[in-house]
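What follows is one structure encoded as structure tokens, with my remarks underneath.
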Amino acid sequence: MSVARAERLVNLVLCLLSTRQYLSAERIRSIVPGYGDAPTEEAFFRMFERDKTELRELGVPLEVGRDVSQETPDGYRIARRDYELGDIDLEPDEAA
């Protein structure tokens with residue numbers, strides 16, 4: 001995987017973790033570095049689909065939905081409760 005792609009995936013995860021509302025693909029394209037470099041809308045959507053597939057394969061719980069209060073297209077987010085690790089209980093010798 002190229003450095004640019006890895007960086008774009010990390011930026012996408014951070015973007016989707018930092019919001020409670022669903023972000024449309026167009027909004028994601030405008031705020032996640034790397035997507036704005038796509039020469040056409042079709043190229044962006046292919047790149048975005050590959051990235052979503054890769055995140056799901058890595059176990060990232062990508063949600064698809066839309067905000068009920070607004071008539072917006074489907075969007076994406078990552079719920080922190082589904083992404084974060086639970087509490088880790090270690091015995092004293094394990095913690096040492």
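Chain labels run A, B, ... following the order of the structure tokens; each chain numbers its residues from 1, and ligands are numbered from 1 in the order shown.
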Against segment 23-32 of chain A, which residues of segment 54-83 of chain A fall within 7 Å? For each one I want the closest pair of atoms and the distance in Å (one decimal), counting only C-alpha atoms, rows by chain and increasing residue number, as CSV.
residue,atom,partner,partner_atom,distance
A:Pro73,CA,A:Ser24,CA,6.4
A:Asp74,CA,A:Ser24,CA,6.1
A:Gly75,CA,A:Ser24,CA,4.1
A:Tyr76,CA,A:Leu23,CA,5.1
A:Arg77,CA,A:Leu23,CA,6.6
Grab the residues selected above and save them as a compact mmCIF listing (two decimals), in the first residue's frame with C-alpha atoms.
# COMPACT_ATOMS: atom_id res chain seq x y z
CA PRO A 73 -28.19 11.79 0.72
CA ASP A 74 -26.86 8.73 2.49
CA GLY A 75 -23.74 9.40 4.48
CA TYR A 76 -21.08 7.65 6.50
CA ARG A 77 -19.72 7.69 10.04
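Excluding segment 84-95 of chain A and any residue on its chain fewer than 6 positions from it, the residues at most 12 Å away by only C-alpha atoms are Leu17, Gly59, Val60, Pro61 and Ile78 of chain A.
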Using all heavy atoms, can you export the residues from the last selection as a PDB file, in the first residue's frame?
ATOM      1  N   LEU A  17     -14.752   9.345  12.602  1.00  0.00           N
ATOM      2  CA  LEU A  17     -14.847   9.208  14.059  1.00  0.00           C
ATOM      3  C   LEU A  17     -15.184  10.530  14.735  1.00  0.00           C
ATOM      4  O   LEU A  17     -15.729  10.548  15.835  1.00  0.00           O
ATOM      5  CB  LEU A  17     -13.525   8.697  14.633  1.00  0.00           C
ATOM      6  CG  LEU A  17     -13.307   7.210  14.674  1.00  0.00           C
ATOM      7  CD1 LEU A  17     -11.879   6.897  15.094  1.00  0.00           C
ATOM      8  CD2 LEU A  17     -14.295   6.524  15.595  1.00  0.00           C
ATOM      9  N   GLY A  59     -11.952  -4.428   9.662  1.00  0.00           N
ATOM     10  CA  GLY A  59     -12.797  -4.502  10.847  1.00  0.00           C
ATOM     11  C   GLY A  59     -13.315  -3.176  11.341  1.00  0.00           C
ATOM     12  O   GLY A  59     -13.861  -3.097  12.451  1.00  0.00           O
ATOM     13  N   VAL A  60     -13.164  -2.129  10.563  1.00  0.00           N
ATOM     14  CA  VAL A  60     -13.671  -0.818  10.966  1.00  0.00           C
ATOM     15  C   VAL A  60     -15.185  -0.801  10.739  1.00  0.00           C
ATOM     16  O   VAL A  60     -15.648  -1.073   9.633  1.00  0.00           O
ATOM     17  CB  VAL A  60     -12.990   0.316  10.159  1.00  0.00           C
ATOM     18  CG1 VAL A  60     -13.582   1.664  10.520  1.00  0.00           C
ATOM     19  CG2 VAL A  60     -11.490   0.306  10.411  1.00  0.00           C
ATOM     20  N   PRO A  61     -15.966  -0.503  11.796  1.00  0.00           N
ATOM     21  CA  PRO A  61     -17.422  -0.549  11.686  1.00  0.00           C
ATOM     22  C   PRO A  61     -18.002   0.702  11.014  1.00  0.00           C
ATOM     23  O   PRO A  61     -18.518   1.610  11.656  1.00  0.00           O
ATOM     24  CB  PRO A  61     -17.871  -0.656  13.145  1.00  0.00           C
ATOM     25  CG  PRO A  61     -16.808   0.065  13.898  1.00  0.00           C
ATOM     26  CD  PRO A  61     -15.521  -0.207  13.151  1.00  0.00           C
ATOM     27  N   ILE A  78     -18.428   6.596  11.742  1.00  0.00           N
ATOM     28  CA  ILE A  78     -17.969   5.479  12.567  1.00  0.00           C
ATOM     29  C   ILE A  78     -18.370   5.818  13.998  1.00  0.00           C
ATOM     30  O   ILE A  78     -17.942   6.850  14.534  1.00  0.00           O
ATOM     31  CB  ILE A  78     -16.440   5.291  12.481  1.00  0.00           C
ATOM     32  CG1 ILE A  78     -16.013   4.973  11.046  1.00  0.00           C
ATOM     33  CG2 ILE A  78     -15.987   4.187  13.430  1.00  0.00           C
ATOM     34  CD1 ILE A  78     -14.517   4.993  10.834  1.00  0.00           C
TER      35      ILE A  78
END
(request) Among the residues of chain A, find those DSSP assigns to strand (DSSP E or B) from the backbone and print them as a ChimeraX atom specification. (result) /A:23-24,62-65,75-78
Mind dumping the selected residues with N, CA, C and O atoms as a tab-separated table (two decimals), in the first residue's frame?
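Output contents, as saved in result_23.tsv:
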chain	number	residue	atom	x	y	z
A	23	LEU	N	-21.86	11.87	7.13
A	23	LEU	CA	-21.25	12.75	6.14
A	23	LEU	C	-21.44	12.17	4.75
A	23	LEU	O	-21.13	10.99	4.52
A	24	SER	N	-21.90	12.99	3.83
A	24	SER	CA	-22.09	12.54	2.46
A	24	SER	C	-20.72	12.33	1.80
A	24	SER	O	-19.70	12.87	2.25
A	62	LEU	N	-17.94	0.75	9.73
A	62	LEU	CA	-18.42	1.88	8.94
A	62	LEU	C	-19.93	1.83	8.85
A	62	LEU	O	-20.50	0.83	8.41
A	63	GLU	N	-20.59	2.89	9.31
A	63	GLU	CA	-22.05	2.96	9.27
A	63	GLU	C	-22.50	3.76	8.06
A	63	GLU	O	-21.87	4.75	7.70
A	64	VAL	N	-23.61	3.34	7.48
A	64	VAL	CA	-24.22	4.08	6.39
A	64	VAL	C	-25.63	4.46	6.83
A	64	VAL	O	-26.36	3.63	7.36
A	65	GLY	N	-25.99	5.71	6.61
A	65	GLY	CA	-27.32	6.16	7.00
A	65	GLY	C	-27.53	7.60	6.60
A	65	GLY	O	-26.73	8.18	5.87
A	75	GLY	N	-25.06	8.97	4.04
A	75	GLY	CA	-23.74	9.40	4.48
A	75	GLY	C	-23.08	8.30	5.28
A	75	GLY	O	-23.61	7.19	5.44
A	76	TYR	N	-21.92	8.62	5.82
A	76	TYR	CA	-21.08	7.65	6.50
A	76	TYR	C	-20.57	8.22	7.81
A	76	TYR	O	-20.38	9.42	7.96
A	77	ARG	N	-20.35	7.33	8.76
A	77	ARG	CA	-19.72	7.69	10.04
A	77	ARG	C	-19.23	6.41	10.69
A	77	ARG	O	-19.56	5.30	10.28
A	78	ILE	N	-18.43	6.60	11.74
A	78	ILE	CA	-17.97	5.48	12.57
A	78	ILE	C	-18.37	5.82	14.00
A	78	ILE	O	-17.94	6.85	14.53
(message) I'd like to know which residues of chain A are alpha helix (DSSP H) (by DSSP, run on the backbone); could you write them as a VMD selection string?
(response) chain A and resid 3 to 17 25 to 31 41 to 57 80 to 83 92 to 95
(request) For atom CA of Arg81 of chain A and atom CA of Pro33 of chain A, determine how far apart the two atoms are, in Å to one decimal place. (result) 25.3 Å
(request) Could you check which of A:Gly34, A:Tyr83, A:Gln21, A:Arg8 is closest to Arg66 of chain A, using only C-alpha atoms? (result)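 Counting only C-alpha atoms, the residue closest to Arg66 of chain A is A:Gln21.
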